[in-house]
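For reference, work_3.cif (mmCIF, C-alpha atoms):
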data_entry
#
loop_
_atom_site.group_PDB
_atom_site.id
_atom_site.type_symbol
_atom_site.label_atom_id
_atom_site.label_comp_id
_atom_site.auth_asym_id
_atom_site.auth_seq_id
_atom_site.Cartn_x
_atom_site.Cartn_y
_atom_site.Cartn_z
ATOM 1 C CA MET A 175 -27.157 -3.192 1.840
ATOM 2 C CA THR A 176 -24.300 -4.979 3.601
ATOM 3 C CA TRP A 177 -20.810 -5.601 2.298
ATOM 4 C CA LEU A 178 -21.741 -9.192 1.501
ATOM 5 C CA ASP A 179 -24.597 -7.939 -0.689
ATOM 6 C CA MET A 180 -22.343 -5.473 -2.518
ATOM 7 C CA GLU A 181 -19.660 -8.119 -2.857
ATOM 8 C CA GLN A 182 -22.141 -10.513 -4.435
ATOM 9 C CA LEU A 183 -23.166 -7.921 -7.039
ATOM 10 C CA LEU A 184 -19.547 -7.134 -7.892
ATOM 11 C CA PHE A 185 -18.786 -10.834 -8.188
ATOM 12 C CA GLN A 186 -21.771 -11.481 -10.436
ATOM 13 C CA LYS A 187 -20.737 -8.627 -12.744
ATOM 14 C CA GLY A 188 -17.200 -9.995 -12.975
ATOM 15 C CA ILE A 189 -15.629 -6.939 -11.348
ATOM 16 C CA ILE A 190 -14.113 -9.032 -8.548
ATOM 17 C CA HIS A 191 -13.241 -12.701 -8.717
ATOM 18 C CA HIS A 192 -13.216 -13.740 -5.061
ATOM 19 C CA ARG A 193 -15.831 -13.679 -2.333
ATOM 20 C CA SER A 194 -15.782 -13.799 1.444
ATOM 21 C CA VAL A 195 -15.795 -17.264 2.977
ATOM 22 C CA ALA A 196 -16.809 -16.215 6.505
ATOM 23 C CA ALA A 197 -18.371 -13.329 8.404
ATOM 24 C CA SER A 198 -19.077 -12.260 11.962
ATOM 25 C CA LEU A 199 -21.469 -9.856 13.644
ATOM 26 C CA GLY A 200 -18.703 -7.364 14.386
ATOM 27 C CA GLY A 201 -19.108 -4.851 17.182
ATOM 28 C CA GLU A 202 -17.755 -5.340 20.686
ATOM 29 C CA GLU A 203 -16.136 -8.731 21.256
ATOM 30 C CA ASP A 204 -16.993 -9.445 17.602
ATOM 31 C CA ARG A 205 -20.409 -10.617 18.842
ATOM 32 C CA GLY A 206 -22.558 -7.670 17.833
ATOM 33 C CA GLN A 207 -22.672 -6.243 21.332
ATOM 34 C CA GLY A 208 -24.350 -2.862 21.279
ATOM 35 C CA LEU A 209 -26.674 -3.813 18.435
ATOM 36 C CA PRO A 210 -30.407 -4.292 19.057
ATOM 37 C CA PRO A 211 -31.645 -7.911 19.030
ATOM 38 C CA GLU A 212 -33.520 -7.406 15.764
ATOM 39 C CA GLY A 213 -30.332 -6.108 14.153
ATOM 40 C CA ILE A 214 -28.387 -9.159 15.298
ATOM 41 C CA ASN A 215 -31.092 -11.455 13.945
ATOM 42 C CA LEU A 216 -31.010 -9.695 10.570
ATOM 43 C CA LEU A 217 -27.228 -10.072 10.381
ATOM 44 C CA ARG A 218 -27.434 -13.756 11.250
ATOM 45 C CA GLU A 219 -30.039 -14.304 8.534
ATOM 46 C CA MET A 220 -27.970 -12.366 6.019
ATOM 47 C CA ILE A 221 -24.828 -14.414 6.726
ATOM 48 C CA ALA A 222 -26.801 -17.647 6.490
ATOM 49 C CA GLY A 223 -28.416 -16.464 3.256
ATOM 50 C CA HIS A 224 -25.016 -16.012 1.632
ATOM 51 C CA GLY A 225 -24.046 -19.542 2.606
ATOM 52 C CA ILE A 226 -20.755 -18.671 4.273
ATOM 53 C CA GLU A 227 -19.235 -19.642 7.608
ATOM 54 C CA PHE A 228 -20.574 -17.755 10.618
ATOM 55 C CA ILE A 229 -17.849 -16.682 13.052
ATOM 56 C CA ASP A 230 -19.573 -16.679 16.446
ATOM 57 C CA PRO A 231 -16.810 -16.472 19.082
ATOM 58 C CA PRO A 232 -17.245 -16.149 22.850
ATOM 59 C CA ASP A 233 -14.619 -13.377 22.936
ATOM 60 C CA LEU A 234 -12.126 -11.466 20.805
ATOM 61 C CA PRO A 235 -9.067 -13.726 21.274
ATOM 62 C CA THR A 236 -11.134 -16.700 20.137
ATOM 63 C CA SER A 237 -12.322 -14.682 17.150
ATOM 64 C CA TRP A 238 -8.719 -13.977 16.158
ATOM 65 C CA ASP A 239 -7.833 -17.658 16.463
ATOM 66 C CA ILE A 240 -10.803 -18.664 14.298
ATOM 67 C CA ARG A 241 -9.943 -16.078 11.667
ATOM 68 C CA MET A 242 -6.286 -17.122 11.524
ATOM 69 C CA ASN A 243 -7.333 -20.754 11.081
ATOM 70 C CA ILE A 244 -9.657 -19.785 8.224
ATOM 71 C CA TYR A 245 -6.869 -17.872 6.483
ATOM 72 C CA ARG A 246 -4.503 -20.825 6.820
ATOM 73 C CA GLU A 247 -7.094 -23.274 5.513
ATOM 74 C CA GLU A 248 -7.963 -21.080 2.532
ATOM 75 C CA ALA A 249 -4.292 -20.489 1.722
ATOM 76 C CA LYS A 250 -3.816 -24.271 1.367
ATOM 77 C CA GLY A 251 -0.135 -24.074 2.188
ATOM 78 C CA ARG A 252 0.563 -21.125 -0.103
ATOM 79 C CA PRO A 253 2.225 -18.013 1.374
ATOM 80 C CA ILE A 254 -0.140 -15.151 2.157
ATOM 81 C CA SER A 255 1.043 -12.145 0.157
ATOM 82 C CA ALA A 256 -0.691 -9.414 2.169
ATOM 83 C CA TYR A 257 -3.339 -8.775 4.784
ATOM 84 C CA VAL A 258 -5.861 -6.043 3.994
ATOM 85 C CA ASN A 259 -7.732 -4.364 6.828
ATOM 86 C CA VAL A 260 -10.590 -2.008 5.991
ATOM 87 C CA GLY A 261 -11.810 0.239 8.789
ATOM 88 C CA GLY A 262 -11.456 -0.409 12.494
ATOM 89 C CA SER A 263 -13.245 -3.648 13.286
ATOM 90 C CA LEU A 264 -11.934 -5.076 16.565
ATOM 91 C CA GLY A 265 -12.141 -8.513 15.006
ATOM 92 C CA SER A 266 -9.312 -7.360 12.748
ATOM 93 C CA VAL A 267 -7.358 -4.520 14.388
ATOM 94 C CA GLY A 268 -7.866 -5.660 17.990
ATOM 95 C CA SER A 269 -7.779 -2.235 19.638
ATOM 96 C CA ILE A 270 -7.932 1.493 18.994
ATOM 97 C CA LEU A 271 -4.187 1.679 19.737
ATOM 98 C CA ASN A 272 -3.423 -0.810 16.976
ATOM 99 C CA LYS A 273 -5.607 1.080 14.537
ATOM 100 C CA LYS A 274 -3.697 4.300 15.210
ATOM 101 C CA MET A 275 -0.208 2.776 15.259
ATOM 102 C CA PHE A 276 -0.423 1.196 11.817
ATOM 103 C CA ARG A 277 -0.013 3.900 9.194
ATOM 104 C CA PRO A 278 -2.733 4.226 6.543
ATOM 105 C CA GLY A 279 -1.710 2.325 3.441
ATOM 106 C CA LEU A 280 1.087 -0.208 3.179
ATOM 107 C CA ASN A 281 2.921 -1.404 6.302
ATOM 108 C CA ARG A 282 5.802 -3.731 5.457
ATOM 109 C CA SER A 283 6.728 -4.272 9.107
ATOM 110 C CA PRO A 284 4.876 -3.907 12.417
ATOM 111 C CA PRO A 285 5.174 -0.518 14.129
ATOM 112 C CA SER A 286 6.661 -0.854 17.639
ATOM 113 C CA PRO A 287 5.922 -4.601 17.985
ATOM 114 C CA ASP A 288 6.318 -4.513 21.780
ATOM 115 C CA ARG A 289 3.513 -1.955 22.139
ATOM 116 C CA LEU A 290 1.007 -3.620 19.828
ATOM 117 C CA HIS A 291 -1.957 -5.489 21.252
ATOM 118 C CA ASP A 292 -2.819 -8.924 19.958
ATOM 119 C CA SER A 293 -5.058 -9.062 16.883
ATOM 120 C CA VAL A 294 -5.289 -10.622 13.445
ATOM 121 C CA MET A 295 -3.543 -7.612 11.931
ATOM 122 C CA THR A 296 -0.775 -7.727 14.536
ATOM 123 C CA ARG A 297 -0.220 -11.448 14.058
ATOM 124 C CA PHE A 298 0.157 -11.108 10.305
ATOM 125 C CA ALA A 299 2.498 -8.129 10.686
ATOM 126 C CA LYS A 300 4.712 -10.033 13.130
ATOM 127 C CA MET A 301 4.776 -12.956 10.682
ATOM 128 C CA GLY A 302 6.301 -10.625 8.099
ATOM 129 C CA VAL A 303 3.146 -10.368 5.991
ATOM 130 C CA PRO A 304 2.656 -6.829 4.594
ATOM 131 C CA VAL A 305 -0.427 -5.135 6.048
ATOM 132 C CA ILE A 306 -2.520 -2.786 3.913
ATOM 133 C CA HIS A 307 -4.375 -0.591 6.394
ATOM 134 C CA VAL A 308 -7.308 1.088 4.636
ATOM 135 C CA ILE A 309 -8.331 3.988 6.879
ATOM 136 C CA ASN A 310 -8.332 7.779 6.440
ATOM 137 C CA ILE A 311 -9.477 7.425 2.850
ATOM 138 C CA ALA A 312 -9.098 11.129 2.026
ATOM 139 C CA ARG A 313 -5.436 11.109 3.095
ATOM 140 C CA LEU A 314 -4.738 7.945 1.119
ATOM 141 C CA ALA A 315 -6.423 9.398 -1.959
ATOM 142 C CA ARG A 316 -4.313 12.562 -1.821
ATOM 143 C CA ARG A 317 -1.124 10.550 -1.261
ATOM 144 C CA TYR A 318 -1.690 8.483 -4.390
ATOM 145 C CA GLY A 319 -3.084 11.210 -6.603
ATOM 146 C CA LEU A 320 -6.696 10.041 -6.571
ATOM 147 C CA PRO A 321 -9.622 12.485 -6.392
ATOM 148 C CA VAL A 322 -11.379 12.632 -3.012
ATOM 149 C CA GLN A 323 -14.772 13.689 -4.375
ATOM 150 C CA PRO A 324 -14.453 13.017 -8.108
ATOM 151 C CA ASP A 325 -16.752 14.510 -10.712
ATOM 152 C CA HIS A 326 -16.228 11.266 -12.601
ATOM 153 C CA TYR A 327 -14.968 7.921 -11.398
ATOM 154 C CA PRO A 328 -11.349 7.170 -12.357
ATOM 155 C CA LYS A 329 -10.812 4.331 -14.770
ATOM 156 C CA PRO A 330 -9.157 1.159 -13.472
ATOM 157 C CA GLU A 331 -5.362 1.539 -13.230
ATOM 158 C CA GLU A 332 -5.645 5.332 -13.347
ATOM 159 C CA GLY A 333 -4.002 7.529 -10.726
ATOM 160 C CA GLY A 334 -0.780 7.905 -8.799
ATOM 161 C CA ILE A 335 -1.278 4.617 -6.975
ATOM 162 C CA PHE A 336 -0.620 2.806 -10.261
ATOM 163 C CA ALA A 337 1.969 5.092 -11.840
ATOM 164 C CA ASP A 338 4.029 7.958 -10.509
ATOM 165 C CA LEU A 339 6.602 10.320 -11.974
ATOM 166 C CA GLU A 340 10.084 9.396 -10.828
ATOM 167 C CA TYR A 341 13.484 10.566 -11.990
ATOM 168 C CA ASN A 342 16.041 8.030 -13.173
ATOM 169 C CA MET A 343 18.965 9.053 -10.985
ATOM 170 C CA THR A 344 21.364 6.682 -12.747
ATOM 171 C CA LEU A 345 20.587 8.295 -16.086
ATOM 172 C CA ALA A 346 20.789 11.780 -14.559
ATOM 173 C CA TRP A 347 24.250 11.111 -13.113
ATOM 174 C CA ALA A 348 25.420 9.589 -16.398
ATOM 175 C CA VAL A 349 24.276 12.668 -18.338
ATOM 176 C CA LEU A 350 25.875 14.991 -15.779
ATOM 177 C CA LEU A 351 29.211 13.169 -15.931
ATOM 178 C CA GLY A 352 29.025 13.193 -19.719
ATOM 179 C CA LEU A 353 28.483 16.957 -19.757
ATOM 180 C CA VAL A 354 31.371 17.496 -17.346
ATOM 181 C CA ALA A 355 33.624 15.373 -19.561
ATOM 182 C CA VAL A 356 32.617 17.307 -22.693
ATOM 183 C CA ILE A 357 33.197 20.660 -20.966
ATOM 184 C CA PHE A 358 36.590 19.452 -19.720
ATOM 185 C CA VAL A 359 37.640 18.376 -23.221
ATOM 186 C CA LEU A 360 36.464 21.663 -24.758
ATOM 187 C CA LEU A 361 38.281 23.711 -22.147
ATOM 188 C CA LYS A 362 41.430 21.671 -22.659
ATOM 189 C CA LEU A 363 41.274 22.117 -26.435
ATOM 190 C CA ASP A 364 40.613 25.830 -26.073
ATOM 191 C CA LEU A 365 43.471 26.229 -23.617
ATOM 192 C CA SER A 366 45.823 24.306 -25.916
ATOM 193 C CA HIS A 367 44.828 26.608 -28.768
ATOM 194 C CA TYR A 368 45.678 29.745 -26.795
ATOM 195 C CA VAL A 369 48.962 28.280 -25.530
ATOM 196 C CA LEU A 370 49.958 27.412 -29.090
ATOM 197 C CA ARG A 371 49.127 30.924 -30.280
ATOM 198 C CA ALA A 372 51.124 32.403 -27.435
ATOM 199 C CA ARG A 373 54.135 30.281 -28.277
ATOM 200 C CA ARG A 374 53.931 31.280 -31.916
ATOM 201 C CA GLY A 375 53.855 34.903 -30.876
ATOM 202 C CA LEU A 376 57.115 34.475 -28.955
ATOM 203 C CA LEU A 377 58.987 32.881 -31.882
ATOM 204 C CA PRO A 378 61.058 35.308 -34.066
ATOM 205 C CA SER A 379 59.638 35.910 -37.513
ATOM 206 C CA ASP A 380 61.643 35.598 -40.758
ATOM 207 C CA THR A 381 61.938 39.386 -41.051
ATOM 208 C CA ASP A 382 63.569 39.569 -37.626
ATOM 209 C CA LYS A 383 66.370 37.192 -38.560
#
Write out the structure in this file as structure tokens.
Amino acid sequence: MTWLDMEQLLFQKGIIHHRSVAASLGGEEDRGQGLPPEGINLLREMIAGHGIEFIDPPDLPTSWDIRMNIYREEAKGRPISAYVNVGGSLGSVGSILNKKMFRPGLNRSPPSPDRLHDSVMTRFAKMGVPVIHVINIARLARRYGLPVQPDHYPKPEEGGIFADLEYNMTLAWAVLLGLVAVIFVLLKLDLSHYVLRARRGLLPSDTDK
């Protein structure tokens, strides 16, 4: 079962509300190089069966151009909020170097822009679009408090990725300053009490007059 097949099932069950609008063969040069001919034919039939655009570029740079044009057309003038890359497809990441330089998870800015190779992911990052780089799943799961091999599947919106324990530093400082002020007042009152008692002890009593 391909991603497009799984995506269709999720869409039909109402779990997701958007579907892919285009697909390519992947592999080297984004043309399925390295796959047997029968595998390429099956992928072509599958893409055609889902009724989406077939990205069939002569090389990787052309693939990136086609993909960027599709994103712009689908955005219809609206700003793109984020680019999500899953895995290490060269049609997305461009090179092994790019895949390693982007940190797993959220990247708000491109890492070392001068060293990055051209790619869809690089272009979006340089445009200021946040890149969500979904690789090293086990590390991401541990970072956000999600089970790596769960006995039961977490419910939607459950886990550290949705909510995390954080201390309110403003409140903590306010409480600390309040405690310091209270201690200062108590010490001052206590000191005044002892000073007053000492002064009274120095005054002559009526019997001494």
Q. If you apply the PyMOL selection byres ((chain A and resi 256) around 7) to this file, what residues do you get, as a VMD selection string?
A. chain A and resid 254 to 255 257 to 258 303 to 305
Which residues of range 274-328 of chain A come within 10 Å of range 216-236 of chain A, and what is each one's closest atom pair and distance in Å (one decimal), counting all atoms listed in the file, sorted by chain and residue number, as JSON lines?
{"residue": "A:Asp292", "atom": "CA", "partner": "A:Pro235", "partner_atom": "CA", "distance": 8.0}
{"residue": "A:Ser293", "atom": "CA", "partner": "A:Pro235", "partner_atom": "CA", "distance": 7.6}
{"residue": "A:Val294", "atom": "CA", "partner": "A:Pro235", "partner_atom": "CA", "distance": 9.2}
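Look at everything within 10 Å of (-10.6, -11.4, 0.0) using only C-alpha atoms, and the residues you get are Ile190, His191, His192, Arg193, Ser194, Val195, Tyr245, Tyr257 and Val258 of chain A.
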Can those selected residues be exported to a file as a PDB file, in the frame of the given file so that it contains C-alpha atoms?
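Resulting contents of again_39.pdb:
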ATOM      1  CA  ILE A 190     -14.113  -9.032  -8.548  1.00  0.00           C
ATOM      2  CA  HIS A 191     -13.241 -12.701  -8.717  1.00  0.00           C
ATOM      3  CA  HIS A 192     -13.216 -13.740  -5.061  1.00  0.00           C
ATOM      4  CA  ARG A 193     -15.831 -13.679  -2.333  1.00  0.00           C
ATOM      5  CA  SER A 194     -15.782 -13.799   1.444  1.00  0.00           C
ATOM      6  CA  VAL A 195     -15.795 -17.264   2.977  1.00  0.00           C
ATOM      7  CA  TYR A 245      -6.869 -17.872   6.483  1.00  0.00           C
ATOM      8  CA  TYR A 257      -3.339  -8.775   4.784  1.00  0.00           C
ATOM      9  CA  VAL A 258      -5.861  -6.043   3.994  1.00  0.00           C
TER      10      VAL A 258
END
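Counting from CA of Ala197 in chain A, the distance to CA of Gly262 in chain A is 15.2 Å.
Using all atoms listed in the file for every distance, the candidate list A:Gln207, A:Asn342, A:Gln182, A:Asn272 yields A:Asn272 as the residue closest to Asp288 in chain A.
Taking CA of His291 in chain A and CA of Ser263 in chain A as endpoints, the distance between them is 13.9 Å.
For the atom pair formed by CA of Leu184 in chain A and CA of Pro253 in chain A, the distance is 26.0 Å, given to one decimal.
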(Q) Could you list, as a ChimeraX atom specification, every residue matched by the PyMOL selection byres ((chain A and resi 308) around 12) in this structure? (A) /A:257-263,266-267,273-274,276-281,295,305-307,309-315
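The neighbours of range 200-202 of chain A here are the residues that come within 8 Å of it, using all atoms listed in the file and leaving out any residue fewer than 6 positions away in the same chain; they are A:Gly208, A:Leu209, A:Ser263, A:Leu264, A:Gly265.
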Just-selected residues, C-alpha atoms written as a PDB file, in the coordinates of the input:
ATOM      1  CA  GLY A 208     -24.350  -2.862  21.279  1.00  0.00           C
ATOM      2  CA  LEU A 209     -26.674  -3.813  18.435  1.00  0.00           C
ATOM      3  CA  SER A 263     -13.245  -3.648  13.286  1.00  0.00           C
ATOM      4  CA  LEU A 264     -11.934  -5.076  16.565  1.00  0.00           C
ATOM      5  CA  GLY A 265     -12.141  -8.513  15.006  1.00  0.00           C
TER       6      GLY A 265
END
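Shortest separation to Pro211 in chain A among A:Pro321, A:Glu248, A:Leu199, A:Gly188 occurs at residue A:Leu199, atoms counted being only C-alpha atoms.
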